[in-house]
Amino acid sequence: MTADASTAGTLAAEPPAAPAAATGPLVGDPMALGLPCFIAGSVSLGLALVGVVPAAAVGAALPIILTATSIGLFMATIWAASLGQSVFGIFAGFWLSYAVLVIGLTHGWFGVAPASAQATQELFLVAWLVVIVMLTLATLRLPMAYTAVFFLVDLALLLVFLGVNESSAGILKAAGYVVLLFAAVGVYLYFSTASVATGGRPLPLGRPALHD
């Protein structure tokens, strides 16, 4: 047997090497980053709305929303886009635009007269309510937990709009409790993501509202 034939026989007898573990930015689950950032902003806004801070402290939640939530969600968006997914980008835009709205109105950046501040807030809320309702309908083929998050965001935006329109502290407080509720659903989704990441099974997320 020649050396070449001997080498070929040895290679044929050896089992193929296991593929190298995937590394780099195109692996993992961006929800592991995005959900905690979303939860932090939601909890801070919810607590502000229910009255944990004085009503005059309108910017109390902004340090978290403007930095951890907005920046974290944009990072999760880039990560998700690299995987061919389209999550978190809309929420990143919402939180950043909310922070800019509050800071801009407080410091007079937009040339909006104080008498028009309420109408400006209502415009912001209606625009985002339209977008989130649209996304809610688009999630009806996803597990129910995702639709529940979007539905609760819809409800919170509607209540905040009504609270601003009616200048009602009670309605705004109710909106705050709804915000805390969708933050709680986000916590549940995170535990499902963490379970998969650590070798377990995902938590039950419910059947889609629409299915074939």
# chains A, B, ... in the order shown; residues from 1 in each chain; ligands from 1

call {"tool": "residues_around", "arguments": {"residues": "Pro202 of chain A", "least_positions_apart": "2", "cutoff": "10 Å", "atoms": "only C-alpha atoms", "output": "list of chain:residue names"}}
result
A:Leu189, A:Tyr190, A:Phe191, A:Ser192, A:Thr193, A:Ala194, A:Ser195, A:Val196, A:Ala197, A:Gly199, A:Gly200, A:Pro204, A:Leu205

call {"tool": "select_by_dssp", "arguments": {"residues": "chain A", "states": "helix (DSSP H, G or I)", "output": "ChimeraX atom specification"}}
result
/A:3-13,31-50,62-82,89-107,114-138,144-166,169-197

call {"tool": "residues_around", "arguments": {"residues": "Leu162 of chain A", "least_positions_apart": "3", "cutoff": "12 Å", "atoms": "only C-alpha atoms", "output": "PyMOL selection string"}}
result
chain A and resi 118-119+121-122+125-126+155-159+165-175

call {"tool": "residues_around", "arguments": {"residues": "Leu140 of chain A", "least_positions_apart": "5", "cutoff": "6 Å", "atoms": "only C-alpha atoms", "output": "list in words"}}
result
Pro208, Ala209 and Leu210 of chain A

call {"tool": "residues_around", "arguments": {"residues": "Ile39 of chain A", "least_positions_apart": "6", "cutoff": "9 Å", "atoms": "only C-alpha atoms", "output": "PDB file with N, CA and C atoms, in the first residue's frame"}}
result
ATOM      1  N   THR A  69     -32.635  52.893  28.102  1.00  0.00           N
ATOM      2  CA  THR A  69     -33.692  52.346  27.263  1.00  0.00           C
ATOM      3  C   THR A  69     -33.481  52.671  25.789  1.00  0.00           C
ATOM      4  N   LEU A 180     -46.954  49.556  34.001  1.00  0.00           N
ATOM      5  CA  LEU A 180     -46.311  48.557  34.861  1.00  0.00           C
ATOM      6  C   LEU A 180     -46.754  47.147  34.489  1.00  0.00           C
ATOM      7  N   PHE A 182     -47.570  46.058  31.366  1.00  0.00           N
ATOM      8  CA  PHE A 182     -46.846  45.557  30.193  1.00  0.00           C
ATOM      9  C   PHE A 182     -45.361  45.377  30.490  1.00  0.00           C
ATOM     10  N   ALA A 183     -44.844  46.087  31.481  1.00  0.00           N
ATOM     11  CA  ALA A 183     -43.476  45.797  31.924  1.00  0.00           C
ATOM     12  C   ALA A 183     -43.404  44.392  32.524  1.00  0.00           C
ATOM     13  N   ALA A 184     -44.452  43.994  33.266  1.00  0.00           N
ATOM     14  CA  ALA A 184     -44.497  42.656  33.861  1.00  0.00           C
ATOM     15  C   ALA A 184     -44.539  41.578  32.782  1.00  0.00           C
ATOM     16  N   GLY A 186     -43.241  41.939  29.876  1.00  0.00           N
ATOM     17  CA  GLY A 186     -41.873  41.949  29.365  1.00  0.00           C
ATOM     18  C   GLY A 186     -40.946  41.117  30.230  1.00  0.00           C
ATOM     19  N   VAL A 187     -41.139  41.149  31.547  1.00  0.00           N
ATOM     20  CA  VAL A 187     -40.339  40.316  32.455  1.00  0.00           C
ATOM     21  C   VAL A 187     -40.568  38.845  32.149  1.00  0.00           C
TER      22      VAL A 187
END

call {"tool": "residues_around", "arguments": {"residues": "Phe91 of chain A", "least_positions_apart": "3", "cutoff": "10 Å", "atoms": "only C-alpha atoms", "output": "JSON, numbers by chain"}}
result
{"A": [34, 38, 69, 70, 73, 74, 77, 87, 88, 94, 95, 96, 97, 132]}

call {"tool": "closest_residue", "arguments": {"among": "A:Gly176, A:Gly108, A:Pro143, A:Gly41", "to": "Ile65 of chain A", "atoms": "only C-alpha atoms"}}
result
A:Gly41

call {"tool": "residues_around", "arguments": {"residues": "Leu47 of chain A", "least_positions_apart": "2", "cutoff": "10 Å", "atoms": "only C-alpha atoms", "output": "JSON, numbers by chain"}}
result
{"A": [42, 43, 44, 45, 49, 50, 51, 52, 53, 60, 61, 173, 176, 177, 179, 180]}

call {"tool": "write_last_selection", "arguments": {"atoms": "N, CA, C and O atoms", "output": "PDB file, in the first residue's frame"}}
result
ATOM      1  N   SER A  42     -39.967  51.185  30.983  1.00  0.00           N
ATOM      2  CA  SER A  42     -41.389  51.040  31.293  1.00  0.00           C
ATOM      3  C   SER A  42     -41.653  51.194  32.786  1.00  0.00           C
ATOM      4  O   SER A  42     -42.603  51.876  33.199  1.00  0.00           O
ATOM      5  N   VAL A  43     -40.811  50.554  33.604  1.00  0.00           N
ATOM      6  CA  VAL A  43     -40.998  50.656  35.054  1.00  0.00           C
ATOM      7  C   VAL A  43     -40.815  52.091  35.528  1.00  0.00           C
ATOM      8  O   VAL A  43     -41.597  52.607  36.340  1.00  0.00           O
ATOM      9  N   SER A  44     -39.789  52.768  35.012  1.00  0.00           N
ATOM     10  CA  SER A  44     -39.548  54.151  35.453  1.00  0.00           C
ATOM     11  C   SER A  44     -40.692  55.068  35.038  1.00  0.00           C
ATOM     12  O   SER A  44     -41.146  55.898  35.837  1.00  0.00           O
ATOM     13  N   LEU A  45     -41.202  54.910  33.825  1.00  0.00           N
ATOM     14  CA  LEU A  45     -42.326  55.744  33.385  1.00  0.00           C
ATOM     15  C   LEU A  45     -43.590  55.390  34.162  1.00  0.00           C
ATOM     16  O   LEU A  45     -44.336  56.285  34.594  1.00  0.00           O
ATOM     17  N   LEU A  49     -45.858  57.880  36.497  1.00  0.00           N
ATOM     18  CA  LEU A  49     -47.261  58.174  36.231  1.00  0.00           C
ATOM     19  C   LEU A  49     -48.164  57.858  37.422  1.00  0.00           C
ATOM     20  O   LEU A  49     -49.172  58.547  37.637  1.00  0.00           O
ATOM     21  N   VAL A  50     -47.823  56.830  38.192  1.00  0.00           N
ATOM     22  CA  VAL A  50     -48.692  56.483  39.326  1.00  0.00           C
ATOM     23  C   VAL A  50     -48.442  57.378  40.539  1.00  0.00           C
ATOM     24  O   VAL A  50     -49.150  57.283  41.538  1.00  0.00           O
ATOM     25  N   GLY A  51     -47.440  58.255  40.463  1.00  0.00           N
ATOM     26  CA  GLY A  51     -47.254  59.237  41.512  1.00  0.00           C
ATOM     27  C   GLY A  51     -46.153  58.949  42.495  1.00  0.00           C
ATOM     28  O   GLY A  51     -46.129  59.537  43.585  1.00  0.00           O
ATOM     29  N   VAL A  52     -45.212  58.068  42.145  1.00  0.00           N
ATOM     30  CA  VAL A  52     -44.088  57.817  43.033  1.00  0.00           C
ATOM     31  C   VAL A  52     -43.226  59.070  43.184  1.00  0.00           C
ATOM     32  O   VAL A  52     -42.631  59.308  44.235  1.00  0.00           O
ATOM     33  N   VAL A  53     -43.176  59.879  42.129  1.00  0.00           N
ATOM     34  CA  VAL A  53     -42.504  61.172  42.199  1.00  0.00           C
ATOM     35  C   VAL A  53     -43.564  62.259  42.050  1.00  0.00           C
ATOM     36  O   VAL A  53     -44.644  62.007  41.509  1.00  0.00           O
ATOM     37  N   ALA A  60     -38.439  62.892  35.731  1.00  0.00           N
ATOM     38  CA  ALA A  60     -37.811  61.941  36.647  1.00  0.00           C
ATOM     39  C   ALA A  60     -37.386  60.652  35.957  1.00  0.00           C
ATOM     40  O   ALA A  60     -36.367  60.053  36.305  1.00  0.00           O
ATOM     41  N   ALA A  61     -38.179  60.200  34.978  1.00  0.00           N
ATOM     42  CA  ALA A  61     -37.869  58.936  34.306  1.00  0.00           C
ATOM     43  C   ALA A  61     -36.898  59.101  33.143  1.00  0.00           C
ATOM     44  O   ALA A  61     -36.417  58.103  32.594  1.00  0.00           O
ATOM     45  N   LYS A 173     -52.815  58.167  36.261  1.00  0.00           N
ATOM     46  CA  LYS A 173     -52.390  57.133  37.210  1.00  0.00           C
ATOM     47  C   LYS A 173     -52.792  55.751  36.707  1.00  0.00           C
ATOM     48  O   LYS A 173     -52.021  54.793  36.808  1.00  0.00           O
ATOM     49  N   GLY A 176     -50.424  54.659  34.244  1.00  0.00           N
ATOM     50  CA  GLY A 176     -49.189  54.199  34.872  1.00  0.00           C
ATOM     51  C   GLY A 176     -49.260  52.741  35.283  1.00  0.00           C
ATOM     52  O   GLY A 176     -48.300  51.977  35.110  1.00  0.00           O
ATOM     53  N   TYR A 177     -50.414  52.321  35.804  1.00  0.00           N
ATOM     54  CA  TYR A 177     -50.569  50.914  36.198  1.00  0.00           C
ATOM     55  C   TYR A 177     -50.549  49.994  34.972  1.00  0.00           C
ATOM     56  O   TYR A 177     -50.018  48.880  35.029  1.00  0.00           O
ATOM     57  N   VAL A 179     -48.858  50.636  32.238  1.00  0.00           N
ATOM     58  CA  VAL A 179     -47.443  50.599  31.852  1.00  0.00           C
ATOM     59  C   VAL A 179     -46.696  49.562  32.689  1.00  0.00           C
ATOM     60  O   VAL A 179     -45.896  48.770  32.172  1.00  0.00           O
ATOM     61  N   LEU A 180     -46.954  49.556  34.001  1.00  0.00           N
ATOM     62  CA  LEU A 180     -46.311  48.557  34.861  1.00  0.00           C
ATOM     63  C   LEU A 180     -46.754  47.147  34.489  1.00  0.00           C
ATOM     64  O   LEU A 180     -45.968  46.198  34.598  1.00  0.00           O
TER      65      LEU A 180
END

call {"tool": "closest_residue", "arguments": {"among": "A:Gly72, A:Gly111, A:Gly163, A:Pro54", "to": "Ala92 of chain A", "atoms": "only C-alpha atoms"}}
result
A:Gly72

call {"tool": "closest_residue", "arguments": {"among": "A:Ile103, A:Phe161, A:Pro114, A:Thr139", "to": "Ala57 of chain A", "atoms": "only C-alpha atoms"}}
result
A:Ile103

call {"tool": "atom_distance", "arguments": {"atom1": "atom CA of Thr136 of chain A", "atom2": "atom CA of Ser86 of chain A"}}
result
14.4 Å

call {"tool": "closest_residue", "arguments": {"among": "A:Arg207, A:Val131, A:Pro30, A:Ala68", "to": "Met144 of chain A", "atoms": "only C-alpha atoms"}}
result
A:Arg207

call {"tool": "closest_residue", "arguments": {"among": "A:Leu123, A:Ala80, A:Met75, A:Ile90", "to": "Leu135 of chain A", "atoms": "only C-alpha atoms"}}
result
A:Ile90

call {"tool": "closest_residue", "arguments": {"among": "A:Gly28, A:Pro36, A:Gly206, A:Gly93", "to": "Leu66 of chain A", "atoms": "only C-alpha atoms"}}
result
A:Gly93

call {"tool": "decode", "arguments": {"residues": "segment 181-192 of chain A", "atoms": "all heavy atoms", "output": "PDB file, in the first residue's frame"}}
result
ATOM      1  N   LEU A 181     -47.987  47.009  34.015  1.00  0.00           N
ATOM      2  CA  LEU A 181     -48.473  45.687  33.623  1.00  0.00           C
ATOM      3  C   LEU A 181     -47.756  45.186  32.376  1.00  0.00           C
ATOM      4  O   LEU A 181     -47.354  44.016  32.312  1.00  0.00           O
ATOM      5  CB  LEU A 181     -49.981  45.747  33.385  1.00  0.00           C
ATOM      6  CG  LEU A 181     -50.680  44.418  33.087  1.00  0.00           C
ATOM      7  CD1 LEU A 181     -50.413  43.403  34.197  1.00  0.00           C
ATOM      8  CD2 LEU A 181     -52.180  44.637  32.917  1.00  0.00           C
ATOM      9  N   PHE A 182     -47.570  46.058  31.366  1.00  0.00           N
ATOM     10  CA  PHE A 182     -46.846  45.557  30.193  1.00  0.00           C
ATOM     11  C   PHE A 182     -45.361  45.377  30.490  1.00  0.00           C
ATOM     12  O   PHE A 182     -44.693  44.552  29.859  1.00  0.00           O
ATOM     13  CB  PHE A 182     -47.125  46.349  28.906  1.00  0.00           C
ATOM     14  CG  PHE A 182     -46.607  47.757  28.791  1.00  0.00           C
ATOM     15  CD1 PHE A 182     -45.255  48.047  28.786  1.00  0.00           C
ATOM     16  CD2 PHE A 182     -47.501  48.806  28.595  1.00  0.00           C
ATOM     17  CE1 PHE A 182     -44.798  49.339  28.612  1.00  0.00           C
ATOM     18  CE2 PHE A 182     -47.060  50.106  28.421  1.00  0.00           C
ATOM     19  CZ  PHE A 182     -45.690  50.374  28.430  1.00  0.00           C
ATOM     20  N   ALA A 183     -44.844  46.087  31.481  1.00  0.00           N
ATOM     21  CA  ALA A 183     -43.476  45.797  31.924  1.00  0.00           C
ATOM     22  C   ALA A 183     -43.404  44.392  32.524  1.00  0.00           C
ATOM     23  O   ALA A 183     -42.427  43.658  32.313  1.00  0.00           O
ATOM     24  CB  ALA A 183     -43.016  46.834  32.946  1.00  0.00           C
ATOM     25  N   ALA A 184     -44.452  43.994  33.266  1.00  0.00           N
ATOM     26  CA  ALA A 184     -44.497  42.656  33.861  1.00  0.00           C
ATOM     27  C   ALA A 184     -44.539  41.578  32.782  1.00  0.00           C
ATOM     28  O   ALA A 184     -43.885  40.530  32.912  1.00  0.00           O
ATOM     29  CB  ALA A 184     -45.697  42.533  34.790  1.00  0.00           C
ATOM     30  N   VAL A 185     -45.297  41.816  31.711  1.00  0.00           N
ATOM     31  CA  VAL A 185     -45.307  40.858  30.600  1.00  0.00           C
ATOM     32  C   VAL A 185     -43.926  40.787  29.960  1.00  0.00           C
ATOM     33  O   VAL A 185     -43.452  39.712  29.574  1.00  0.00           O
ATOM     34  CB  VAL A 185     -46.374  41.235  29.555  1.00  0.00           C
ATOM     35  CG1 VAL A 185     -46.362  40.244  28.392  1.00  0.00           C
ATOM     36  CG2 VAL A 185     -47.761  41.288  30.184  1.00  0.00           C
ATOM     37  N   GLY A 186     -43.241  41.939  29.876  1.00  0.00           N
ATOM     38  CA  GLY A 186     -41.873  41.949  29.365  1.00  0.00           C
ATOM     39  C   GLY A 186     -40.946  41.117  30.230  1.00  0.00           C
ATOM     40  O   GLY A 186     -40.052  40.421  29.712  1.00  0.00           O
ATOM     41  N   VAL A 187     -41.139  41.149  31.547  1.00  0.00           N
ATOM     42  CA  VAL A 187     -40.339  40.316  32.455  1.00  0.00           C
ATOM     43  C   VAL A 187     -40.568  38.845  32.149  1.00  0.00           C
ATOM     44  O   VAL A 187     -39.622  38.038  32.102  1.00  0.00           O
ATOM     45  CB  VAL A 187     -40.677  40.644  33.926  1.00  0.00           C
ATOM     46  CG1 VAL A 187     -40.036  39.624  34.862  1.00  0.00           C
ATOM     47  CG2 VAL A 187     -40.224  42.051  34.282  1.00  0.00           C
ATOM     48  N   TYR A 188     -41.818  38.471  31.930  1.00  0.00           N
ATOM     49  CA  TYR A 188     -42.134  37.073  31.599  1.00  0.00           C
ATOM     50  C   TYR A 188     -41.442  36.658  30.301  1.00  0.00           C
ATOM     51  O   TYR A 188     -40.853  35.563  30.218  1.00  0.00           O
ATOM     52  CB  TYR A 188     -43.642  36.909  31.485  1.00  0.00           C
ATOM     53  CG  TYR A 188     -44.085  35.488  31.216  1.00  0.00           C
ATOM     54  CD1 TYR A 188     -44.230  34.576  32.253  1.00  0.00           C
ATOM     55  CD2 TYR A 188     -44.359  35.056  29.917  1.00  0.00           C
ATOM     56  CE1 TYR A 188     -44.639  33.259  32.018  1.00  0.00           C
ATOM     57  CE2 TYR A 188     -44.767  33.751  29.666  1.00  0.00           C
ATOM     58  CZ  TYR A 188     -44.899  32.864  30.725  1.00  0.00           C
ATOM     59  OH  TYR A 188     -45.293  31.564  30.481  1.00  0.00           O
ATOM     60  N   LEU A 189     -41.482  37.526  29.290  1.00  0.00           N
ATOM     61  CA  LEU A 189     -40.818  37.229  28.031  1.00  0.00           C
ATOM     62  C   LEU A 189     -39.311  37.095  28.226  1.00  0.00           C
ATOM     63  O   LEU A 189     -38.666  36.242  27.601  1.00  0.00           O
ATOM     64  CB  LEU A 189     -41.117  38.323  27.007  1.00  0.00           C
ATOM     65  CG  LEU A 189     -42.539  38.364  26.455  1.00  0.00           C
ATOM     66  CD1 LEU A 189     -42.756  39.620  25.623  1.00  0.00           C
ATOM     67  CD2 LEU A 189     -42.824  37.128  25.616  1.00  0.00           C
ATOM     68  N   TYR A 190     -38.754  37.923  29.108  1.00  0.00           N
ATOM     69  CA  TYR A 190     -37.316  37.829  29.355  1.00  0.00           C
ATOM     70  C   TYR A 190     -36.962  36.496  30.008  1.00  0.00           C
ATOM     71  O   TYR A 190     -35.953  35.874  29.664  1.00  0.00           O
ATOM     72  CB  TYR A 190     -36.827  38.980  30.234  1.00  0.00           C
ATOM     73  CG  TYR A 190     -35.358  38.843  30.543  1.00  0.00           C
ATOM     74  CD1 TYR A 190     -34.402  39.150  29.584  1.00  0.00           C
ATOM     75  CD2 TYR A 190     -34.931  38.347  31.780  1.00  0.00           C
ATOM     76  CE1 TYR A 190     -33.054  38.986  29.847  1.00  0.00           C
ATOM     77  CE2 TYR A 190     -33.586  38.180  32.044  1.00  0.00           C
ATOM     78  CZ  TYR A 190     -32.651  38.505  31.074  1.00  0.00           C
ATOM     79  OH  TYR A 190     -31.315  38.323  31.324  1.00  0.00           O
ATOM     80  N   PHE A 191     -37.776  36.039  30.966  1.00  0.00           N
ATOM     81  CA  PHE A 191     -37.495  34.752  31.597  1.00  0.00           C
ATOM     82  C   PHE A 191     -37.542  33.621  30.575  1.00  0.00           C
ATOM     83  O   PHE A 191     -36.783  32.658  30.657  1.00  0.00           O
ATOM     84  CB  PHE A 191     -38.480  34.489  32.735  1.00  0.00           C
ATOM     85  CG  PHE A 191     -38.142  35.206  34.006  1.00  0.00           C
ATOM     86  CD1 PHE A 191     -39.123  35.841  34.745  1.00  0.00           C
ATOM     87  CD2 PHE A 191     -36.839  35.253  34.472  1.00  0.00           C
ATOM     88  CE1 PHE A 191     -38.811  36.504  35.921  1.00  0.00           C
ATOM     89  CE2 PHE A 191     -36.520  35.914  35.644  1.00  0.00           C
ATOM     90  CZ  PHE A 191     -37.503  36.553  36.371  1.00  0.00           C
ATOM     91  N   SER A 192     -38.434  33.730  29.589  1.00  0.00           N
ATOM     92  CA  SER A 192     -38.483  32.735  28.528  1.00  0.00           C
ATOM     93  C   SER A 192     -37.201  32.767  27.708  1.00  0.00           C
ATOM     94  O   SER A 192     -36.608  31.725  27.404  1.00  0.00           O
ATOM     95  CB  SER A 192     -39.694  32.984  27.621  1.00  0.00           C
ATOM     96  OG  SER A 192     -39.766  32.031  26.583  1.00  0.00           O
TER      97      SER A 192
END
